[in-house]
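What follows is one structure encoded as structure tokens, with my remarks underneath.
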Amino acid sequence: MIKLKHVIYLYGQQQMVFNFNANKGETITILGPSGAGKSTLLSLIAGFIQPNSGQILLNNQDVTEVPASKRPVSMLFQDNNLFNHLTVEQNLALGLSPTLKLSPQQREQLLRIASRIGLDTYLSVYPSQLSGGQKQRVAIGRCLLQHRPILLLDEPFSSLDPKLKKEMFELLYEIQQEYQLTVLMVTHQLEDINKNNCRCLVVVSGEIAFDGDYAQLVKETQIASYLGINASSL
Ligand SMILES: Nc1ncnc2c1ncn2[C@@H]1O[C@H](COP(=O)(O)OP(=O)(O)OP(=O)(O)O)[C@@H](O)[C@H]1O
């Protein structure tokens, strides 16, 4: 589903090298210190930046030269996902049509997703009138309307309070299962990891220094202590 073959990206003298495979329906948490290259990895997969060399395959197709808008990928950021001058309905509609003109079938889809994310009574509201969690729900709804099988999240809920964050993770997990999405999520917060069932990647100095589940990660003492985790975190 996702394959990065010796992908090299250069920021000046700084080199990043990524080799990585993900299967359909997998959820992968990406950890690592600030400046390690986590967002760069997502940007390469999304197509926001082009590698200097190497190959990126999505759904068995080489997309290395394919622009972001044509890749089977949606991306959700920590904030600024919405257009403040557009209503919730219009922000959602952007997932279906850049002109905001929807066919009756598309409008039906929009209403179904608005109900799925619990915002069907907020369609005419502007983002400034929404809470942080509601804004992220709209952004998730728009990703779902794009019908793209890969969802990339860059610290999506880190500005939310713990209760809301938990709710958002539950919604994300349900949606991931329902739509069989392949999810890659960057986080700095260890409590965001689904410790029972999650593949973790640790990016250090522009390379994937660890790839395995959380229980294995804890045993990799050098990397675990670097991230500030130990066996009691299990
Ligand atoms: N546009 C850019 N031009 C030059 N260097 C950049 C640019 N964007 C990022 N970098 C550098 O590339 C490195 C990796 O950045 P990146 O944002 O991928 O790290 P990150 O692991 O996501 O960090 P954080 O957790 O702080 O968001 C950093 O050293 C950063 O300074």
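Labels for the structure tokens follow display order: chains A, B, ..., residues from 1 in each chain, ligands from 1.
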I need the residues of segment 127-200 of chain A that end up classed as helix (DSSP H, G or I) by DSSP on the backbone, written out as a ChimeraX atom specification.
/A:127-129,132-145,162-179,190-192
Give the residue list for ligand 1 at 9 Å, counting only C-alpha atoms and all ligand atoms, as JSON, numbers by chain, sorted by chain and then by residue number.
{"A": [10, 11, 12, 14, 15, 16, 31, 32, 33, 34, 35, 36, 37, 38, 39, 40, 41, 42, 43, 154, 155, 186, 187, 188, 203, 204, 205, 206]}
Write to file, as a PDB file, in the first residue's frame, the residues of the selection just made, with C-alpha atoms.
```
ATOM      1  CA  LEU A  10      18.048  16.953   1.204  1.00  0.00           C
ATOM      2  CA  TYR A  11      17.532  20.120   3.229  1.00  0.00           C
ATOM      3  CA  GLY A  12      20.796  21.836   2.353  1.00  0.00           C
ATOM      4  CA  GLN A  14      21.045  17.663   5.919  1.00  0.00           C
ATOM      5  CA  GLN A  15      20.162  14.316   4.338  1.00  0.00           C
ATOM      6  CA  MET A  16      17.105  12.222   5.104  1.00  0.00           C
ATOM      7  CA  LEU A  31       7.721   9.224  16.997  1.00  0.00           C
ATOM      8  CA  GLY A  32      11.040  10.975  17.340  1.00  0.00           C
ATOM      9  CA  PRO A  33      12.708  14.129  18.569  1.00  0.00           C
ATOM     10  CA  SER A  34      11.923  17.563  17.203  1.00  0.00           C
ATOM     11  CA  GLY A  35      13.608  18.206  13.858  1.00  0.00           C
ATOM     12  CA  ALA A  36      14.209  14.481  13.196  1.00  0.00           C
ATOM     13  CA  GLY A  37      12.236  14.420   9.939  1.00  0.00           C
ATOM     14  CA  LYS A  38       8.778  13.101  10.911  1.00  0.00           C
ATOM     15  CA  SER A  39       6.825  15.813   9.063  1.00  0.00           C
ATOM     16  CA  THR A  40       9.224  15.523   6.129  1.00  0.00           C
ATOM     17  CA  LEU A  41       8.371  11.813   5.868  1.00  0.00           C
ATOM     18  CA  LEU A  42       4.639  12.612   5.737  1.00  0.00           C
ATOM     19  CA  SER A  43       5.199  15.453   3.238  1.00  0.00           C
ATOM     20  CA  ASP A 154       0.574  15.411  11.870  1.00  0.00           C
ATOM     21  CA  GLU A 155      -0.010  15.844  15.618  1.00  0.00           C
ATOM     22  CA  VAL A 186       3.033  11.767  13.922  1.00  0.00           C
ATOM     23  CA  THR A 187       2.884  12.486  17.623  1.00  0.00           C
ATOM     24  CA  HIS A 188       5.119  13.743  20.411  1.00  0.00           C
ATOM     25  CA  VAL A 203      12.674   8.747  13.233  1.00  0.00           C
ATOM     26  CA  VAL A 204      16.071   9.980  14.412  1.00  0.00           C
ATOM     27  CA  SER A 205      18.305  12.327  12.391  1.00  0.00           C
ATOM     28  CA  GLY A 206      16.436  11.762   9.129  1.00  0.00           C
TER      29      GLY A 206
END
```
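We find atom CA of Arg116 of chain A and atom CA of Leu164 of chain A to be spaced 16.7 Å apart.
Atom CA of Lys135 of chain A lies 10.9 Å from atom CA of Pro156 of chain A.
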Give me, as a list in words, all polymer residues having an atom no more than 9 Å from Leu172 of chain A, counting only C-alpha atoms and skipping those fewer than 5 positions away in the same chain.
Ile140, Glu167 and Gln177 of chain A
Same residues, C-alpha atoms, saved as a PDB file, in the first residue's frame:
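Listed below is the output, out.pdb:
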```
ATOM      1  CA  ILE A 140     -11.745  14.483   9.387  1.00  0.00           C
ATOM      2  CA  GLU A 167     -13.015  11.064  22.048  1.00  0.00           C
ATOM      3  CA  GLN A 177     -11.829   0.343  10.851  1.00  0.00           C
TER       4      GLN A 177
END
```
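For the pair atom CA of Ile150 of chain A and atom CA of Asn91 of chain A, the separation is 19.9 Å.
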